[in-house]
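Enquirer: Input file: my_file.txt. Contents: compact mmCIF, C-alpha atoms.
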# COMPACT_ATOMS: atom_id res chain seq x y z
CA MET G 1 21.15 -88.65 -58.42
CA VAL G 2 23.52 -85.94 -57.13
CA ALA G 3 26.72 -87.21 -55.46
CA PRO G 4 26.59 -87.11 -51.63
CA GLY G 5 29.47 -84.63 -51.35
CA ILE G 6 27.68 -82.05 -53.51
CA LYS G 7 24.30 -82.84 -51.97
CA ARG G 8 25.56 -82.14 -48.46
CA GLY G 9 26.00 -78.46 -49.20
CA THR G 10 22.61 -78.12 -50.83
CA ALA G 11 20.63 -79.80 -48.04
CA GLU G 12 20.27 -76.65 -45.95
CA LEU G 13 19.01 -74.64 -48.92
CA ALA G 14 16.62 -77.44 -49.93
CA VAL G 15 15.04 -77.72 -46.48
CA LEU G 16 14.71 -73.97 -45.94
CA SER G 17 13.27 -73.49 -49.44
CA VAL G 18 10.66 -76.21 -49.08
CA LEU G 19 9.61 -74.82 -45.68
CA GLU G 20 9.10 -71.40 -47.21
CA ASP G 21 5.83 -72.68 -48.67
CA GLY G 22 4.47 -73.68 -45.27
CA PRO G 23 5.01 -75.99 -42.26
CA LEU G 24 5.87 -79.62 -42.96
CA HIS G 25 6.83 -82.71 -40.99
CA GLY G 26 10.00 -84.66 -41.76
CA TYR G 27 8.54 -87.30 -44.06
CA GLU G 28 6.54 -84.79 -46.08
CA MET G 29 9.57 -82.53 -46.36
CA ALA G 30 11.74 -85.34 -47.73
CA ARG G 31 8.98 -86.42 -50.14
CA ARG G 32 8.47 -82.91 -51.51
CA ILE G 33 12.18 -82.30 -51.99
CA GLU G 34 12.52 -85.60 -53.86
CA GLU G 35 9.45 -84.84 -55.96
CA GLN G 36 10.41 -81.25 -56.80
CA THR G 37 13.98 -82.22 -57.74
CA HIS G 38 12.73 -85.23 -59.78
CA GLY G 39 14.58 -87.60 -57.48
CA SER G 40 17.96 -85.83 -57.69
CA LEU G 41 17.90 -84.93 -53.98
CA ARG G 42 16.91 -87.72 -51.63
CA PHE G 43 17.09 -87.47 -47.89
CA THR G 44 17.67 -90.40 -45.57
CA LEU G 45 16.86 -90.19 -41.87
CA ALA G 46 20.56 -89.62 -41.14
CA SER G 47 20.74 -86.64 -43.49
CA LEU G 48 17.39 -85.04 -42.67
CA TYR G 49 16.87 -85.11 -38.90
CA PRO G 50 20.36 -84.07 -37.72
CA LEU G 51 20.09 -81.15 -40.16
CA LEU G 52 16.63 -80.19 -38.86
CA TYR G 53 17.91 -80.31 -35.25
CA ARG G 54 20.86 -78.08 -36.15
CA LEU G 55 18.61 -75.59 -37.94
CA GLU G 56 16.27 -75.63 -34.95
CA LYS G 57 19.13 -74.93 -32.54
CA ARG G 58 20.18 -71.99 -34.71
CA GLY G 59 16.62 -70.70 -34.54
CA TRP G 60 16.08 -70.88 -38.31
CA VAL G 61 13.21 -73.40 -38.02
CA ARG G 62 10.85 -74.24 -35.18
CA GLY G 63 9.40 -77.70 -34.61
CA ALA G 64 6.16 -78.40 -32.76
CA TRP G 65 4.03 -81.50 -32.32
CA GLU G 66 0.70 -81.27 -34.11
CA THR G 67 -2.21 -83.67 -34.33
CA SER G 68 -3.68 -84.27 -37.77
CA GLY G 69 -7.34 -84.86 -38.61
CA THR G 70 -6.72 -88.61 -38.37
CA GLY G 71 -5.42 -88.19 -34.82
CA ARG G 72 -1.76 -88.75 -35.69
CA ARG G 73 0.93 -86.73 -33.99
CA ARG G 74 3.67 -85.37 -36.21
CA ARG G 75 6.42 -82.88 -35.47
CA CYS G 76 5.92 -80.05 -37.95
CA TYR G 77 8.65 -77.55 -38.76
CA ARG G 78 8.11 -73.91 -39.63
CA LEU G 79 10.53 -71.38 -41.03
CA THR G 80 11.14 -68.67 -38.43
CA ALA G 81 11.62 -64.98 -39.21
CA GLU G 82 15.35 -65.50 -38.71
CA GLY G 83 15.30 -68.48 -41.06
CA LYS G 84 13.57 -66.40 -43.72
CA LYS G 85 16.24 -63.73 -43.30
CA LYS G 86 19.03 -66.34 -43.70
CA LEU G 87 17.46 -67.93 -46.76
CA ALA G 88 17.96 -64.89 -49.01
CA PRO G 89 21.80 -64.70 -48.72
CA ILE G 90 22.12 -68.50 -49.01
CA ARG G 91 20.10 -68.36 -52.23
CA ARG G 92 22.31 -65.53 -53.55
CA GLU G 93 25.47 -67.52 -52.76
CA TRP G 94 24.19 -70.60 -54.59
CA ALA G 95 23.00 -68.53 -57.56
CA GLU G 96 26.47 -66.99 -57.72
CA LEU G 97 28.06 -70.43 -57.59
CA PHE G 98 25.83 -71.78 -60.38
CA ARG G 99 26.61 -68.74 -62.58
CA ALA G 100 30.33 -69.23 -61.96
CA LEU G 101 30.12 -72.95 -62.78
CA ARG G 102 28.16 -72.23 -65.95
CA ARG G 103 30.80 -69.72 -67.06
CA LEU G 104 33.56 -72.16 -66.20
CA THR G 105 32.05 -75.12 -68.06
CA LYS G 106 31.47 -72.97 -71.20
CA VAL G 107 35.12 -71.90 -71.10
CA SER G 108 36.22 -75.52 -70.69
CA ARG G 109 34.21 -76.67 -73.69
CA ALA G 110 35.59 -73.93 -76.00
CA MET P 111 0.24 -102.10 -38.02
CA ARG P 112 3.91 -102.44 -37.05
CA ASP P 113 5.31 -100.97 -33.86
CA TRP P 114 7.88 -98.61 -35.33
CA SER P 115 8.48 -96.86 -32.00
CA ALA P 116 9.67 -100.09 -30.38
CA LEU P 117 11.95 -100.80 -33.33
CA VAL P 118 13.47 -97.29 -33.30
CA GLU P 119 13.82 -97.46 -29.52
CA ARG P 120 15.85 -100.68 -29.88
CA ARG P 121 18.00 -99.41 -32.74
CA LEU P 122 18.73 -96.07 -31.07
CA ALA P 123 19.31 -97.59 -27.64
CA GLY P 124 22.57 -95.67 -27.21
CA LEU P 125 21.03 -92.25 -27.86
CA ALA P 126 22.33 -90.50 -24.75
CA LEU P 127 19.96 -87.53 -24.51
CA GLU P 128 17.70 -86.25 -21.75
CA PRO P 129 14.72 -88.70 -21.45
CA GLU P 130 12.14 -86.25 -22.81
CA GLU P 131 14.30 -85.20 -25.74
CA ARG P 132 15.17 -88.83 -26.49
CA ALA P 133 11.50 -89.82 -26.50
CA GLU P 134 10.74 -87.00 -28.95
CA VAL P 135 13.49 -88.08 -31.35
CA ILE P 136 12.33 -91.70 -31.22
CA ALA P 137 8.69 -90.69 -31.82
CA GLU P 138 9.70 -88.46 -34.73
CA VAL P 139 11.88 -91.07 -36.45
CA ALA P 140 9.21 -93.75 -35.87
CA ALA P 141 6.56 -91.47 -37.42
CA HIS P 142 8.78 -90.97 -40.47
CA LEU P 143 9.20 -94.73 -40.91
CA GLU P 144 5.46 -95.27 -40.44
CA ASP P 145 4.65 -92.70 -43.15
CA THR P 146 7.21 -94.27 -45.50
CA TRP P 147 5.82 -97.76 -44.84
CA GLU P 148 2.22 -96.68 -45.50
CA ALA P 149 3.11 -94.80 -48.68
CA MET P 150 4.87 -97.89 -50.03
CA LEU P 151 1.99 -100.18 -49.10
CA ARG P 152 -0.33 -97.92 -51.09
CA GLN P 153 1.90 -98.48 -54.11
CA GLY P 154 1.00 -102.17 -53.94
CA MET P 155 4.38 -103.58 -52.90
CA THR P 156 4.66 -106.80 -50.94
CA GLU P 157 4.90 -106.53 -47.16
CA GLU P 158 8.42 -107.93 -47.17
CA GLU P 159 9.61 -105.44 -49.81
CA VAL P 160 7.94 -102.54 -47.99
CA VAL P 161 9.66 -103.39 -44.69
CA ARG P 162 13.03 -103.79 -46.42
CA ARG P 163 12.71 -100.43 -48.20
CA THR P 164 11.41 -98.63 -45.13
CA LEU P 165 14.34 -99.82 -43.04
CA SER P 166 16.74 -98.78 -45.79
CA GLN P 167 15.57 -95.20 -45.10
CA ALA P 168 17.48 -95.32 -41.86
CA GLY P 169 20.64 -96.68 -43.46
CA ASP P 170 23.27 -97.23 -40.79
CA TRP P 171 21.50 -96.83 -37.45
CA ARG P 172 24.76 -96.19 -35.62
CA GLU P 173 25.59 -93.36 -37.99
CA LEU P 174 22.09 -91.94 -37.54
CA GLN P 175 22.51 -92.06 -33.76
CA ARG P 176 25.95 -90.44 -33.93
CA LYS P 177 24.69 -87.65 -36.20
CA ILE P 178 21.64 -86.93 -34.05
CA LEU P 179 23.81 -86.81 -30.93
CA GLY P 180 26.26 -84.51 -32.71
CA ALA P 181 23.47 -82.14 -33.77
CA LYS P 182 21.78 -82.13 -30.38
CA ARG P 183 24.72 -82.15 -28.00
CA ARG P 184 27.17 -79.72 -29.56
CA GLU P 185 24.97 -76.83 -28.54
CA GLN P 186 24.06 -78.55 -25.29
CA ILE P 187 27.72 -78.68 -24.32
CA MET P 188 28.09 -74.98 -25.09
CA GLU P 189 24.97 -74.14 -23.10
CA LYS P 190 26.17 -76.22 -20.14
CA ARG P 191 29.59 -74.62 -20.25
CA ILE P 192 27.97 -71.19 -20.13
CA ARG P 193 25.64 -72.12 -17.24
CA GLN P 194 28.13 -74.15 -15.23
CA LEU P 195 31.33 -72.21 -15.84
CA TRP P 196 31.15 -68.77 -17.44
CA ILE P 197 28.09 -67.27 -15.74
CA PRO P 198 29.06 -68.32 -12.16
CA GLY P 199 32.73 -67.52 -12.88
CA PHE P 200 32.11 -63.98 -14.06
CA LEU P 201 29.51 -63.45 -11.33
CA THR P 202 32.10 -64.43 -8.70
CA LEU P 203 34.63 -62.10 -10.30
CA ILE P 204 32.23 -59.13 -10.51
CA LEU P 205 30.93 -59.58 -6.96
CA SER P 206 34.40 -59.93 -5.44
CA MET P 207 35.58 -56.81 -7.31
CA LEU P 208 32.47 -54.87 -6.22
CA PHE P 209 33.19 -55.95 -2.66
CA LEU P 210 36.77 -54.71 -2.98
CA THR P 211 35.62 -51.34 -4.37
CA THR P 212 33.03 -50.97 -1.60
CA LEU P 213 35.62 -51.67 1.12
CA TYR P 214 37.99 -49.16 -0.46
CA ARG P 215 35.26 -46.49 -0.55
CA LEU P 216 34.47 -47.19 3.09
CA GLY P 217 38.04 -46.21 3.86
CA LEU P 218 39.42 -49.65 4.61
CA ARG P 219 42.94 -49.91 3.25
CA ALA P 220 45.40 -52.73 2.64
CA ARG P 221 47.99 -53.25 5.38
CA LEU P 222 51.59 -54.33 5.36
CA VAL P 223 52.17 -57.66 7.02
CA TRP P 224 55.59 -58.28 8.46
CA SER P 225 58.22 -55.57 8.36
CA GLY P 226 61.35 -54.87 6.44
CA PRO P 227 62.06 -55.97 2.87
CA ASN P 228 59.81 -59.04 3.11
CA ALA P 229 56.68 -57.02 3.94
CA ILE P 230 53.60 -58.05 1.95
CA LEU P 231 50.60 -55.84 1.36
CA LEU P 232 47.41 -57.65 2.40
CA TYR P 233 43.84 -56.44 2.07
CA THR P 234 42.56 -58.36 5.07
CA PRO P 235 38.87 -57.29 5.03
CA TRP P 236 38.64 -58.28 1.37
CA LEU P 237 40.39 -61.59 2.00
CA ALA P 238 37.99 -62.30 4.85
CA GLY P 239 35.00 -61.97 2.51
CA LEU P 240 36.45 -63.96 -0.39
CA PRO P 241 35.54 -67.46 0.91
CA PHE P 242 31.90 -66.39 0.75
CA PHE P 243 32.20 -65.40 -2.94
CA GLY P 244 34.15 -68.59 -3.74
CA ALA P 245 31.41 -70.61 -2.06
CA LEU P 246 28.67 -68.70 -3.89
CA GLY P 247 30.27 -69.28 -7.32
CA ALA P 248 30.78 -72.98 -6.57
CA TYR P 249 27.19 -73.29 -5.34
CA ILE P 250 25.74 -71.67 -8.50
CA SER P 251 27.91 -73.92 -10.68
CA SER P 252 26.79 -76.95 -8.67
CA ARG P 253 23.12 -75.97 -9.07
CA ALA P 254 23.68 -75.81 -12.85
CA GLY P 255 25.10 -79.37 -12.73
CA GLY P 256 28.78 -78.44 -12.66
CA SER P 257 31.28 -81.16 -11.76
CA ARG P 258 33.57 -80.88 -8.72
CA GLY P 259 36.39 -79.62 -10.96
CA THR P 260 34.13 -76.97 -12.52
CA MET P 261 32.89 -75.85 -9.09
CA LEU P 262 36.43 -75.37 -7.79
CA PHE P 263 37.54 -73.65 -11.00
CA VAL P 264 34.60 -71.24 -10.70
CA SER P 265 35.44 -70.49 -7.06
CA VAL P 266 39.01 -69.39 -7.95
CA PHE P 267 37.95 -67.68 -11.19
CA PRO P 268 38.53 -64.11 -9.83
CA ALA P 269 42.12 -65.03 -8.92
CA ILE P 270 42.70 -66.55 -12.38
CA ALA P 271 41.28 -63.44 -14.06
CA LEU P 272 43.48 -61.21 -11.87
CA THR P 273 46.53 -63.34 -12.73
CA PHE P 274 45.92 -62.75 -16.42
CA ALA P 275 45.47 -59.02 -15.74
CA PHE P 276 48.77 -58.96 -13.79
CA LEU P 277 50.63 -60.90 -16.46
CA PHE P 278 49.40 -58.45 -19.07
CA MET P 279 49.82 -55.30 -16.96
CA PHE P 280 53.51 -55.69 -16.05
CA PRO P 281 54.95 -56.24 -19.54
CA PHE P 282 52.63 -53.50 -20.80
CA SER P 283 53.71 -50.93 -18.20
CA MET P 284 57.38 -51.89 -18.64
CA THR P 285 57.09 -51.40 -22.41
CA VAL P 286 55.45 -48.00 -21.89
CA GLU P 287 58.24 -46.95 -19.49
CA LEU P 288 60.89 -48.06 -21.97
CA ILE P 289 59.16 -46.08 -24.74
CA VAL P 290 58.94 -42.90 -22.65
CA GLY P 291 62.61 -43.33 -21.73
CA ARG P 292 62.34 -44.04 -18.01
CA PRO P 293 64.88 -46.50 -16.64
CA VAL P 294 63.37 -49.84 -15.64
CA ASP P 295 64.81 -51.69 -12.66
CA PHE P 296 64.04 -55.32 -13.53
CA SER P 297 64.99 -56.67 -10.09
CA ARG P 298 62.54 -54.20 -8.50
CA VAL P 299 59.82 -55.19 -10.94
CA ALA P 300 60.40 -58.87 -10.18
CA THR P 301 60.18 -58.22 -6.43
CA VAL P 302 56.95 -56.25 -6.82
CA LEU P 303 55.53 -58.95 -9.08
CA LEU P 304 56.34 -61.65 -6.54
CA LYS P 305 55.04 -59.74 -3.52
CA ASP P 306 51.90 -58.49 -5.23
CA GLY P 307 51.41 -61.95 -6.65
CA ILE P 308 51.36 -63.39 -3.15
CA GLY P 309 49.15 -60.68 -1.64
CA TRP P 310 46.74 -60.19 -4.54
CA LEU P 311 46.69 -63.55 -6.26
CA LEU P 312 47.92 -66.52 -4.25
CA ILE P 313 46.34 -65.71 -0.89
CA PRO P 314 43.02 -64.55 -2.46
CA ALA P 315 43.01 -67.74 -4.56
CA ALA P 316 43.45 -69.80 -1.38
CA ALA P 317 40.62 -67.87 0.33
CA LEU P 318 38.31 -68.36 -2.66
CA LEU P 319 39.22 -72.03 -2.92
CA ALA P 320 38.48 -72.52 0.78
CA GLY P 321 34.96 -71.21 0.13
CA GLY P 322 34.61 -73.39 -2.98
CA LEU P 323 35.69 -76.50 -1.06
CA LEU P 324 33.30 -75.68 1.75
CA ALA P 325 30.43 -75.33 -0.73
CA HIS P 326 31.43 -78.61 -2.31
CA VAL P 327 31.45 -80.42 1.03
CA LEU P 328 28.11 -78.88 2.04
CA SER P 329 26.50 -79.70 -1.30
CA GLY P 330 26.84 -83.36 -0.32
CA ALA P 331 27.07 -85.96 -3.06
CA LEU P 332 29.49 -85.33 -5.92
CA PRO P 333 27.61 -83.54 -8.70
CA SER P 334 29.95 -85.14 -11.24
CA SER P 335 28.30 -88.49 -10.58
CA ARG P 336 24.94 -87.09 -11.66
CA HIS P 337 25.93 -84.88 -14.59
CA THR P 338 28.33 -84.75 -17.46
CA ALA P 339 31.47 -82.99 -16.32
CA ILE P 340 32.44 -79.92 -18.28
CA GLY P 341 35.43 -77.76 -17.69
Would you mind writing the file's structure down as structure tokens?
Expert:
Amino acid sequence: MVAPGIKRGTAELAVLSVLEDGPLHGYEMARRIEEQTHGSLRFTLASLYPLLYRLEKRGWVRGAWETSGTGRRRRCYRLTAEGKKKLAPIRREWAELFRALRRLTKVSRA
Amino acid sequence: MRDWSALVERRLAGLALEPEERAEVIAEVAAHLEDTWEAMLRQGMTEEEVVRRTLSQAGDWRELQRKILGAKRREQIMEKRIRQLWIPGFLTLILSMLFLTTLYRLGLRARLVWSGPNAILLYTPWLAGLPFFGALGAYISSRAGGSRGTMLFVSVFPAIALTFAFLFMFPFSMTVELIVGRPVDFSRVATVLLKDGIGWLLIPAAALLAGGLLAHVLSGALPSSRHTAIG
């Protein structure tokens, strides 16, 4: 598991990335993130929904109630055009950070 | 089947949002817990264990409530401030300035009141119209849910904006005059500042405020008792 302090910064990237593949509701989003990160990133209700509401207010995602085939209503979130635009620079920043950390840890080991 | 909505409703009882928005949050969180519960049941866990694990998803309910409120209301406060304060405030300012320009173009000029060294320049036709603009600004703010304080602040907004312009204009013009080498008579500047301040700021502010108070009285019940006060 990743420590909460580090995880906090990655949450935005994780949610936007998982929504890039298509609309998802909160539970499914959390499940996919956990599955795709092999359990390293786990969302609780307190970390997921406030983040989704903030992203929605910024206009990066859009939530809408949808009824499934079984008649259940779930609020599904979609990545908006603005969200897609924001995802690219966030990804670049994180890639840059990972490269820098890799360089740093190699130097430390030497 | 457990009633997750009722449970979430109880746990998030202090979620101070608009009723519709609150109901949506409760339904969404309840749906998440329901999905978690069902997924765990499919894994063959005991009912007791499933309930315990599902509820652990929420963690500290008070923290969840605080975080949801923080995410939802920060922007709400900004939106309210814009609707209740900035839009009516700037509208009042623009309209009162347009009114002043129109009067000037129609040939109506400011007049000296009193005589001698204590004479003050007053733009009476403009002053006569200002209560209307003060009342209009206060009314728009009230319609947007502005508190009494916000309404009155909006009504005098043109005078506040003019005060800032005056405070900036005098030091600026004095600095320019010093740079170009013209002698500055500070006592004369102070007199002008005081007299113009009375004629162009204090009396207009009183006229605007009179309109704002009138709008407040006519609007009946205090809006601050119905809405969150901002400003």
Enquirer: Could you give me, as a tab-separated table, a per-residue list for chain G showing, wherever an atom lies at most 6 Å from an atom of chain P, the closest pair of atoms and their distance in Å to one decimal, using only C-alpha atoms and sorting by chain then residue number from low to high?
Expert:
residue	atom	partner	partner_atom	distance
G:Tyr27	CA	P:His142	CA	5.1
G:Thr44	CA	P:Gln167	CA	5.3
G:Leu45	CA	P:Ala168	CA	5.2
G:Ala46	CA	P:Leu174	CA	4.5
G:Pro50	CA	P:Ile178	CA	4.8
G:Arg54	CA	P:Ala181	CA	5.4
Enquirer: Any idea what's packed within 7 Å of segment 119-121 of chain P, counting all atoms listed in the file, ignoring anything in its chain fewer than 2 positions away? Could you give it as an MDAnalysis selection string?
Expert: chainID P and resid 115:117 123 136 171
Enquirer: Kindly list the centre and edge lengths in Å, rounded to one decimal, for the axis-aligned box that covers all listed atoms of segment 98-103 of chain G plus 4 Å on each of its six sides, as JSON.
Expert:
{"center_x": 28.3, "center_y": -70.8, "center_z": -63.7, "size_x": 13.0, "size_y": 12.2, "size_z": 14.7}
Enquirer: Rounded to one decimal place, report the atom CA of Thr80 of chain G-atom CA of Glu12 of chain G distance in Å.
Expert: 14.3 Å
Enquirer: Take the point (35.2, -72.5, -10.2) in the file's coordinates, draw a sphere of radius 7 Å around it, and report as a VMD selection string every protein, DNA or RNA residue with an atom inside or on it, counting all atoms listed in the file.
Expert: chain P and resid 195 199 247 to 248 260 to 267
Enquirer: Can you tell me, as a list in words, what residues are no more than 8 Å from segment 58-71 of chain G when counting all atoms listed in the file, ignoring any on the same chain fewer than 3 positions away?
Expert: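 What passes the distance filter is Leu52, Arg54, Leu55, Arg74, Arg75, Cys76, Tyr77, Arg78, Leu79, Thr80, Ala81, Glu82, Gly83, Lys84 and Lys86 of chain G.
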Enquirer: With C-alpha atoms retained, export the selected residues as a PDB file, in the coordinates of the input.
Expert:
ATOM      1  CA  LEU G  52      16.630 -80.190 -38.860  1.00  0.00           C
ATOM      2  CA  ARG G  54      20.860 -78.080 -36.150  1.00  0.00           C
ATOM      3  CA  LEU G  55      18.610 -75.590 -37.940  1.00  0.00           C
ATOM      4  CA  ARG G  74       3.670 -85.370 -36.210  1.00  0.00           C
ATOM      5  CA  ARG G  75       6.420 -82.880 -35.470  1.00  0.00           C
ATOM      6  CA  CYS G  76       5.920 -80.050 -37.950  1.00  0.00           C
ATOM      7  CA  TYR G  77       8.650 -77.550 -38.760  1.00  0.00           C
ATOM      8  CA  ARG G  78       8.110 -73.910 -39.630  1.00  0.00           C
ATOM      9  CA  LEU G  79      10.530 -71.380 -41.030  1.00  0.00           C
ATOM     10  CA  THR G  80      11.140 -68.670 -38.430  1.00  0.00           C
ATOM     11  CA  ALA G  81      11.620 -64.980 -39.210  1.00  0.00           C
ATOM     12  CA  GLU G  82      15.350 -65.500 -38.710  1.00  0.00           C
ATOM     13  CA  GLY G  83      15.300 -68.480 -41.060  1.00  0.00           C
ATOM     14  CA  LYS G  84      13.570 -66.400 -43.720  1.00  0.00           C
ATOM     15  CA  LYS G  86      19.030 -66.340 -43.700  1.00  0.00           C
TER      16      LYS G  86
END
Enquirer: Tell me which of P:Pro281, P:Ile230, P:Trp236, P:Trp196 sits closest to Leu218 of chain P, counting all atoms listed in the file.
Expert: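 Nearest candidate to Leu218 of chain P out of P:Pro281, P:Ile230, P:Trp236, P:Trp196: P:Trp236.
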